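So this one's target_15.cif, mmCIF, C-alpha atoms and all ligand atoms:
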```cif
data_target
#
loop_
_atom_site.label_atom_id
_atom_site.label_comp_id
_atom_site.auth_asym_id
_atom_site.auth_seq_id
_atom_site.Cartn_x
_atom_site.Cartn_y
_atom_site.Cartn_z
CA MET N 1 -11.70 50.63 -2.37
CA THR N 2 -8.76 49.12 -0.54
CA VAL N 3 -5.21 49.81 -1.65
CA LEU N 4 -4.85 46.17 -2.63
CA GLY N 5 -8.09 46.28 -4.59
CA LEU N 6 -6.96 49.38 -6.46
CA ALA N 7 -3.56 47.87 -7.14
CA ARG N 8 -5.27 44.79 -8.47
CA VAL N 9 -7.57 46.62 -10.84
CA TRP N 10 -4.78 48.77 -12.18
CA ALA N 11 -2.34 45.89 -12.44
CA LEU N 12 -4.91 44.24 -14.65
CA VAL N 13 -5.65 47.39 -16.61
CA PHE N 14 -1.99 47.87 -17.36
CA SER N 15 -1.58 44.22 -18.20
CA ALA N 16 -3.30 44.88 -21.50
CA GLY N 17 -0.98 44.55 -24.44
CA TRP N 18 1.60 42.53 -22.58
CA GLY N 19 1.25 39.52 -24.76
CA TRP N 20 -1.62 37.29 -25.57
CA ALA N 21 -1.57 33.96 -23.81
CA ALA N 22 -3.83 30.97 -23.76
CA ALA N 23 -7.03 32.16 -22.17
CA GLN N 24 -9.52 30.10 -20.32
CA THR N 25 -12.96 29.71 -21.74
CA PRO N 26 -15.57 29.99 -19.05
CA ASP N 27 -17.96 27.10 -18.78
CA VAL N 28 -21.52 28.17 -18.97
CA LEU N 29 -22.58 27.07 -15.54
CA GLN N 30 -26.20 27.91 -15.15
CA SER N 31 -28.39 30.84 -15.92
CA GLY N 32 -27.20 34.05 -14.31
CA SER N 33 -29.03 36.30 -11.90
CA PRO N 34 -29.65 39.82 -13.27
CA GLU N 35 -29.88 41.19 -9.72
CA ARG N 36 -26.44 39.84 -8.81
CA GLY N 37 -25.15 40.96 -12.20
CA LYS N 38 -26.34 44.51 -11.57
CA ALA N 39 -24.61 44.57 -8.19
CA LEU N 40 -21.39 43.24 -9.74
CA LEU N 41 -21.46 45.76 -12.59
CA LEU N 42 -21.70 48.53 -10.00
CA GLN N 43 -18.80 47.30 -7.86
CA ARG N 44 -15.83 49.42 -8.68
CA GLN N 45 -13.47 47.11 -6.86
CA ASP N 46 -14.57 43.71 -8.15
CA SER N 47 -15.50 44.56 -11.69
CA GLY N 48 -14.81 48.19 -12.49
CA CYS N 49 -17.16 47.99 -15.51
CA VAL N 50 -18.84 51.33 -14.79
CA LEU N 51 -15.45 53.03 -14.59
CA CYS N 52 -15.29 52.62 -18.38
CA HIS N 53 -18.83 51.89 -19.61
CA GLN N 54 -22.31 53.30 -19.48
CA VAL N 55 -24.78 50.55 -18.67
CA GLN N 56 -28.55 50.76 -19.02
CA GLY N 57 -30.34 51.38 -15.76
CA LEU N 58 -27.16 52.27 -13.86
CA PRO N 59 -25.94 55.71 -12.77
CA ALA N 60 -23.64 57.55 -15.17
CA GLY N 61 -20.70 55.40 -16.17
CA GLY N 62 -17.32 56.18 -17.61
CA ALA N 63 -16.52 56.82 -21.25
CA LEU N 64 -13.19 55.01 -21.72
CA GLY N 65 -15.12 52.21 -23.37
CA PRO N 66 -18.22 52.20 -25.60
CA SER N 67 -21.64 52.51 -23.98
CA LEU N 68 -23.13 49.09 -23.34
CA VAL N 69 -26.67 50.44 -23.81
CA GLY N 70 -28.23 48.50 -26.69
CA LEU N 71 -25.54 45.80 -26.59
CA PRO N 72 -28.02 42.98 -27.40
CA GLU N 73 -28.74 44.66 -30.75
CA ARG N 74 -25.14 44.40 -31.90
CA SER N 75 -23.71 41.39 -30.09
CA THR N 76 -24.72 37.89 -29.12
CA LYS N 77 -24.37 36.73 -25.54
CA ASP N 78 -21.60 34.34 -26.62
CA GLN N 79 -19.64 37.14 -28.25
CA ALA N 80 -20.00 39.32 -25.16
CA ARG N 81 -18.94 36.41 -22.92
CA GLU N 82 -15.75 35.93 -24.94
CA ARG N 83 -15.08 39.67 -24.89
CA ILE N 84 -15.50 40.03 -21.14
CA ALA N 85 -13.50 36.86 -20.46
CA ASP N 86 -10.51 38.15 -22.41
CA ALA N 87 -10.86 41.25 -24.58
CA ARG N 88 -7.28 40.69 -25.82
CA ARG N 89 -8.68 38.02 -28.13
CA PHE N 90 -10.37 40.76 -30.14
CA ASN N 91 -7.96 43.62 -29.56
CA PRO N 92 -4.46 42.80 -28.30
CA GLN N 93 -3.98 46.47 -27.32
CA THR N 94 -7.22 46.75 -25.34
CA ILE N 95 -7.30 48.59 -22.04
CA MET N 96 -10.15 46.36 -20.85
CA PRO N 97 -9.01 43.90 -18.16
CA ALA N 98 -9.20 40.19 -18.98
CA TYR N 99 -11.84 39.18 -16.46
CA PHE N 100 -11.59 35.44 -16.88
CA SER N 101 -7.94 34.83 -17.55
CA THR N 102 -4.93 34.24 -15.36
CA GLU N 103 -2.50 34.26 -18.27
CA GLY N 104 -0.27 36.99 -19.61
CA LEU N 105 -1.12 39.49 -16.86
CA TYR N 106 1.42 41.96 -15.58
CA LYS N 107 2.42 42.55 -11.94
CA VAL N 108 -0.53 40.83 -10.33
CA ALA N 109 -0.30 41.20 -6.52
CA THR N 110 0.68 37.91 -4.88
CA PRO N 111 -2.67 37.28 -3.14
CA TYR N 112 -4.41 37.41 -6.52
CA LYS N 113 -2.05 35.23 -8.53
CA GLY N 114 -3.87 32.37 -10.23
CA GLN N 115 -7.28 33.94 -9.67
CA THR N 116 -9.61 35.32 -12.29
CA ILE N 117 -11.25 38.67 -11.53
CA LEU N 118 -14.75 37.32 -12.10
CA THR N 119 -15.98 33.83 -11.34
CA ALA N 120 -17.75 31.95 -14.13
CA GLN N 121 -20.99 32.52 -12.24
CA GLY N 122 -20.28 36.23 -11.86
CA LEU N 123 -19.70 36.47 -15.60
CA GLU N 124 -23.06 34.79 -16.28
CA ASP N 125 -24.75 37.12 -13.80
CA ILE N 126 -23.34 40.18 -15.58
CA LEU N 127 -24.40 38.80 -18.98
CA SER N 128 -27.92 38.13 -17.75
CA TYR N 129 -28.21 41.80 -16.73
CA LEU N 130 -26.66 43.16 -19.93
CA PHE N 131 -28.97 41.00 -22.08
CA LEU N 132 -32.22 41.72 -20.27
CA PRO N 133 -34.87 43.34 -22.43
CA SER N 134 -34.58 47.02 -21.42
CA LYS N 135 -38.07 47.19 -19.88
CA ALA N 136 -37.24 44.37 -17.49
CA THR N 137 -34.16 46.03 -15.99
CA PRO N 138 -34.30 45.43 -12.22
C1 LIG N 201 -10.35 50.10 -18.32
C2 LIG N 201 -11.61 50.28 -19.03
C3 LIG N 201 -12.58 49.13 -19.15
C4 LIG N 201 -13.12 48.38 -18.14
C5 LIG N 201 -12.80 48.44 -16.65
C6 LIG N 201 -14.08 47.49 -18.77
N1 LIG N 201 -14.11 47.70 -20.11
FE1 LIG N 201 -15.31 46.77 -21.47
N2 LIG N 201 -14.41 47.76 -22.99
C7 LIG N 201 -13.43 48.73 -22.83
C8 LIG N 201 -13.04 49.21 -24.17
C9 LIG N 201 -11.99 50.29 -24.45
C10 LIG N 201 -13.81 48.48 -25.11
C11 LIG N 201 -13.78 48.62 -26.66
C12 LIG N 201 -13.09 47.44 -27.29
C13 LIG N 201 -11.64 47.35 -26.91
O1 LIG N 201 -10.91 48.34 -27.00
O2 LIG N 201 -11.22 46.27 -26.47
C14 LIG N 201 -14.66 47.58 -24.33
C15 LIG N 201 -15.60 46.73 -24.89
C16 LIG N 201 -16.54 46.02 -24.17
C17 LIG N 201 -17.63 45.27 -24.74
C18 LIG N 201 -17.98 45.18 -26.23
C19 LIG N 201 -18.87 46.39 -26.49
C20 LIG N 201 -19.53 46.42 -27.86
O3 LIG N 201 -20.03 47.50 -28.21
O4 LIG N 201 -19.55 45.39 -28.56
C21 LIG N 201 -18.32 44.71 -23.72
C22 LIG N 201 -19.57 43.82 -23.80
C23 LIG N 201 -17.66 45.11 -22.49
N3 LIG N 201 -16.59 45.91 -22.80
C24 LIG N 201 -18.09 44.73 -21.23
C25 LIG N 201 -17.41 45.06 -20.05
C26 LIG N 201 -17.79 44.55 -18.74
C27 LIG N 201 -19.00 43.68 -18.44
C28 LIG N 201 -16.86 45.04 -17.86
C29 LIG N 201 -16.73 44.73 -16.38
C30 LIG N 201 -16.75 43.30 -16.01
C31 LIG N 201 -15.94 45.88 -18.62
N4 LIG N 201 -16.30 45.84 -19.93
C32 LIG N 201 -14.87 46.58 -18.07
C33 LIG N 201 -12.92 49.20 -21.64
C34 LIG N 201 -13.20 48.69 -20.39
#
```
Once more with this new file: its structure as structure tokens, please.
Amino acid sequence: MTVLGLARVWALVFSAGWGWAAAQTPDVLQSGSPERGKALLLQRQDSGCVLCHQVQGLPAGGALGPSLVGLPERSTKDQARERIADARRFNPQTIMPAYFSTEGLYKVATPYKGQTILTAQGLEDILSYLFLPSKATP
């Protein structure tokens, strides 16, 4: 991970709780690719999901957040999309970065200003992996 990448992830982690602001709602573009979603989930720099979550079919993840194994049994895809886009909507004190918001973030490095962490397509790709039936995990 580059220094800038690390700074970016942590700037976003520490942004949590610094005020809720109007969040963007991702457009549902097209169906996601579970293979790309799996790769994104594993990328510590671009997503960081496995730093905090266990995910089915992926090597041991972190425990700062709840395990995402069995997510489809307790959440709809739409709920998960909203949560990943901006977890502050559900918990203003969350430590989870707002992956599809450019609002209300704290100390974002200049090159990343105005950018969301995930693209709308990347978000759909991650969802398509998380909502695969467990036997079909690539
Ligand atoms: C810094 C730690 C952290 C990172 C990084 C993180 N999360 Fe979270 N996540 C949490 C925590 C903590 C919760 C529990 C709810 C809360 O506190 O907001 C959560 C909740 C969730 C939930 C709801 C789980 C449930 O049981 O309903 C989903 C889905 C989720 N995260 C997906 C992701 C995805 C996908 C990524 C990467 C794009 C990610 N998270 C990155 C900490 C994190």
Within 7 Å of ligand LIG 201 (chain N) (counting only C-alpha atoms and all ligand atoms), which residues show up? I'd like them as a PyMOL selection string. chain N and resi 13+41+47-53+64-68+71+74-75+80+83-84+87-88+90-91+94-97+99+126
Enter the distance from atom CA of Gly70 of chain N to atom CA of Ala39 of chain N, in Å, rounded to one decimal.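 Interatomic distance here is 19.3 Å.
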d(atom CA of Thr119 of chain N, atom CA of Ala60 of chain N) in Å: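 Separation of atom CA of Thr119 of chain N and atom CA of Ala60 of chain N: 25.2 Å.
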re atom CA of Asp78 of chain N and atom CA of Asp46 of chain N: distance 21.9 Å
Proximity to Leu58 of chain N - best of N:Lys107, N:Lys38, N:Arg89, N:Arg81, all atoms listed in the file: N:Lys38
